[in-house]
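Following: one structure in structure tokens, then a few remarks.
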Amino acid sequence: MSETAEPGEDQGWSPAPDVGQAGAVILESGRWAYRYKEGVVPIFMKMPERPNPA
């Protein structure tokens with residue numbers, strides 16, 4: 001996957017599974033969260049809306 005989508009191409013990104021690291025993570029429940037430094041409680045994020053696959 002490249003950083004830019006070709007015209008007419010939908011592109012998505014998902015965070016890494018949560019193992020206590022800093023940054024964007026996906027929790028076991030499937031929710032997205034952000035942790036500003038390793039080992040702290042993550043802050044829940046709103047998942048981006050993605051177009052439904054045709």
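Ligands are numbered from 1 in the order shown, residues from 1 within each chain, and chains are lettered A, B, ... in the order they appear in the structure tokens.
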
* Exercise: Glu38 in chain A partners within 6 Å, only C-alpha atoms, chain neighbours under 4 positions left out, as a ChimeraX atom specification -> /A:20-22

* Looking at only C-alpha atoms, which of A:Phe44, A:Val19, A:Trp13, A:Glu49 is the one that sits closest to Arg31 in chain A? ->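 Closest to Arg31 in chain A, using only C-alpha atoms: A:Phe44.
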